[in-house]
Amino acid sequence: MRENLTTEGAYFLAKWLDGTISDTKLRTLVSEKDFIDYKKLKNGLDLLDQLDRPVTPSFNSVKSSINQKINVKKTQQSFKWGLSIAASILIIFGCYFAFNPLDTRYETSYAEQKTIKLPDGSEVVLNAKSVVNFTQKDWDTNRSIQLKGEAFFKVKKGSTFRVQTPKGQVTVLGTKFNVKHTDAFFEVVCYEGKVSVTNDKKEHILNPGNSIRKIDGNDSEKYTSKKLFPSWVNGESSFVSVPLNYVILELEKQYNIEIDASKIDESIIFTGSFSNKDLKLALASVFKTMNIHYIKDKNGVLILQ
Amino acid sequence: MIKDLNNICNEKVFEKLFNTHAKDLRRFLFFKTQDMNLAEDILQDAFIKLWDHCNNVNPAKAKSFLFTVAKNMFFNYKKHEKVVMNHQKRAPKSSNYETPEYLLVEKEFLVKIEEAISTLPEKQKEVFLLSRIEKKKYKEIAEIVGISVKAVEKRMHLALLKMKDKIGDV
């Protein structure tokens with residue numbers, strides 16, 4: 001490497017690095033290849049600087065972007081809801097079911113439906129083959145109810161209202177919603193208010209008419225319905241894209257019959273409804289469209305084929 | 001909403017995650033994009049997305065979420081770029097290719113530079129780091145170390161020389 005030996009130029013690389021000497025000048029002091037190498041090196045050093053700079057300014061940008069988004073959302077929300085209930089339902093898909101002996105219990109058997117009035121005026125409409133448990137004492141401060149099966153809740157405003165099922169928990173502050181849990185089927189439908197559903201895998205916000213469900217360990221699904229309350233309250237069971245086995249389970253509950261479905265494919269998806277008041281009609285609604293026939297054996301069991 | 005220490009929706013948790021992962025992500029993005037501004041944009045967008053999904057992501061999985069999101073964003077950016085280029089009547093402007101090819105930087109190269117710095121002789125390393133990291137001028141370094149400005153320049157010059165030789169042919 002050629003080195004300029006005057007005192008001024010002796011350490012020209014240092015001068016070039018801090019900008020005292022220009023690229024053009026450097027080019028006259030070293031070979032072209034060396035110039036390129038030095039240029040690359042300097043470029044790399046500059047980049048290292050940039051890559052190592054503090055992240056705080058970036059974080060501040062992120063924060064202000066997020067705040068801008070939140071402000072927009074808030075404006076939309078208050079416009080939509082005004083003074084209505086900020087009803088938020090939190091559902092935690094837990095894997096536990098803490099069973100505490102509670103002093104009051106209501107149960108429906110097959111083909112039965114019950115409306116229960118809770119101490120604070122809230123109402124529970126219990127669908128067939130379902131059980132609720134709760135404690136009357138301290139109800140106003142501790143509104144906690146256990147559910148197995150399906151129920152439609154009309155909750156009066158008050159302290160936090162909790163519904164526990166073996167597959168999940170629903171927490172609400174005054175609204176109308178339906179909770180259904182059967183085996184591996186968990187579903188919540190919001191009819192009034194605004195719902196925030198949280199489990200450890202996904203978060204969903206439900207508006208009236210929206211619902212969330214989790215079937216057989218698959219991902220949670222959302223769908224929309226225009227109803228004001230579940231159809232079974234009025235004597236009709238309806239389903240949107242539900243595996244047939246759950247429809248059959250519901251038939252059994254509503255009519256107290258036994259159905260043998262071993263010969264058919266129960267995973268077919270069904271959308272439709274059946275009457276809870278007329279078995280023949282109900283069976284036709286469900287099976288006719290799918291070309292499934294049935295016969296009754298000597299024990300009264302319906303065999304599907 | 002549950003505000004607990006294990007939830008990304010908690011601002012403190014989110015900030016901590018940012019401070020933990022932002023530099024790595026920025027570095028990763030720079031090597032992918034070769035564009036510091038684009039890297040910064042995607043970095044910020046990725047964290048914003050993390051915030052949007054704060055209820056669905058476990059803090060322990062935040063890093064993989066961020067990197068996956070960032071990769072997808074870059075991929076989409078490239079797809080968009082292709083569409084834009086295909087619709088341009090003229091040839092692409094040279095401003096896209098401002099950086100002469102020989103200045104494109106690869107990860108391995110930066111690693112080599114870092115290594116070269118770390119293996120500098122103590123006296124040179126001290127001066128070099130004061131200049132590059134602490135951003136001190138040669139005059140200030142002279143005072144700090146207790147040597148003449150010329151001596152500082154000599155050490156810097158030799159350091160650069162050594163580094164260039166060590167990195168060799170790039």
# chains A, B, ... in the order shown; residues from 1 in each chain; ligands from 1

call {"tool": "residues_around", "arguments": {"residues": "range 260-272 of chain A", "least_positions_apart": "3", "cutoff": "6 Å", "atoms": "only C-alpha atoms", "output": "count of residues only"}}
result
12

call {"tool": "residues_around", "arguments": {"residues": "Glu106 in chain B", "least_positions_apart": "3", "cutoff": "9 Å", "atoms": "only C-alpha atoms", "output": "VMD selection string"}}
result
chain B and resid 31 34 109 to 111

call {"tool": "interface_residues", "arguments": {"of": "chain B", "to": "chain A", "cutoff": "9 Å", "atoms": "only C-alpha atoms", "output": "VMD selection string"}}
result
chain B and resid 1 15 18 to 19 22 to 24 26 to 27 30 36 40 43 to 45 47 to 48 51 to 58 102 to 105 109 to 110 113 to 114 131 to 133 137 to 138 150 152 to 161 163 to 164 167 to 170

call {"tool": "residues_around", "arguments": {"residues": "range 275-281 of chain A", "least_positions_apart": "2", "cutoff": "10 Å", "atoms": "only C-alpha atoms", "output": "VMD selection string"}}
result
chain A and resid 111 to 112 231 to 238 250 to 251 253 to 255 257 273 283 to 286
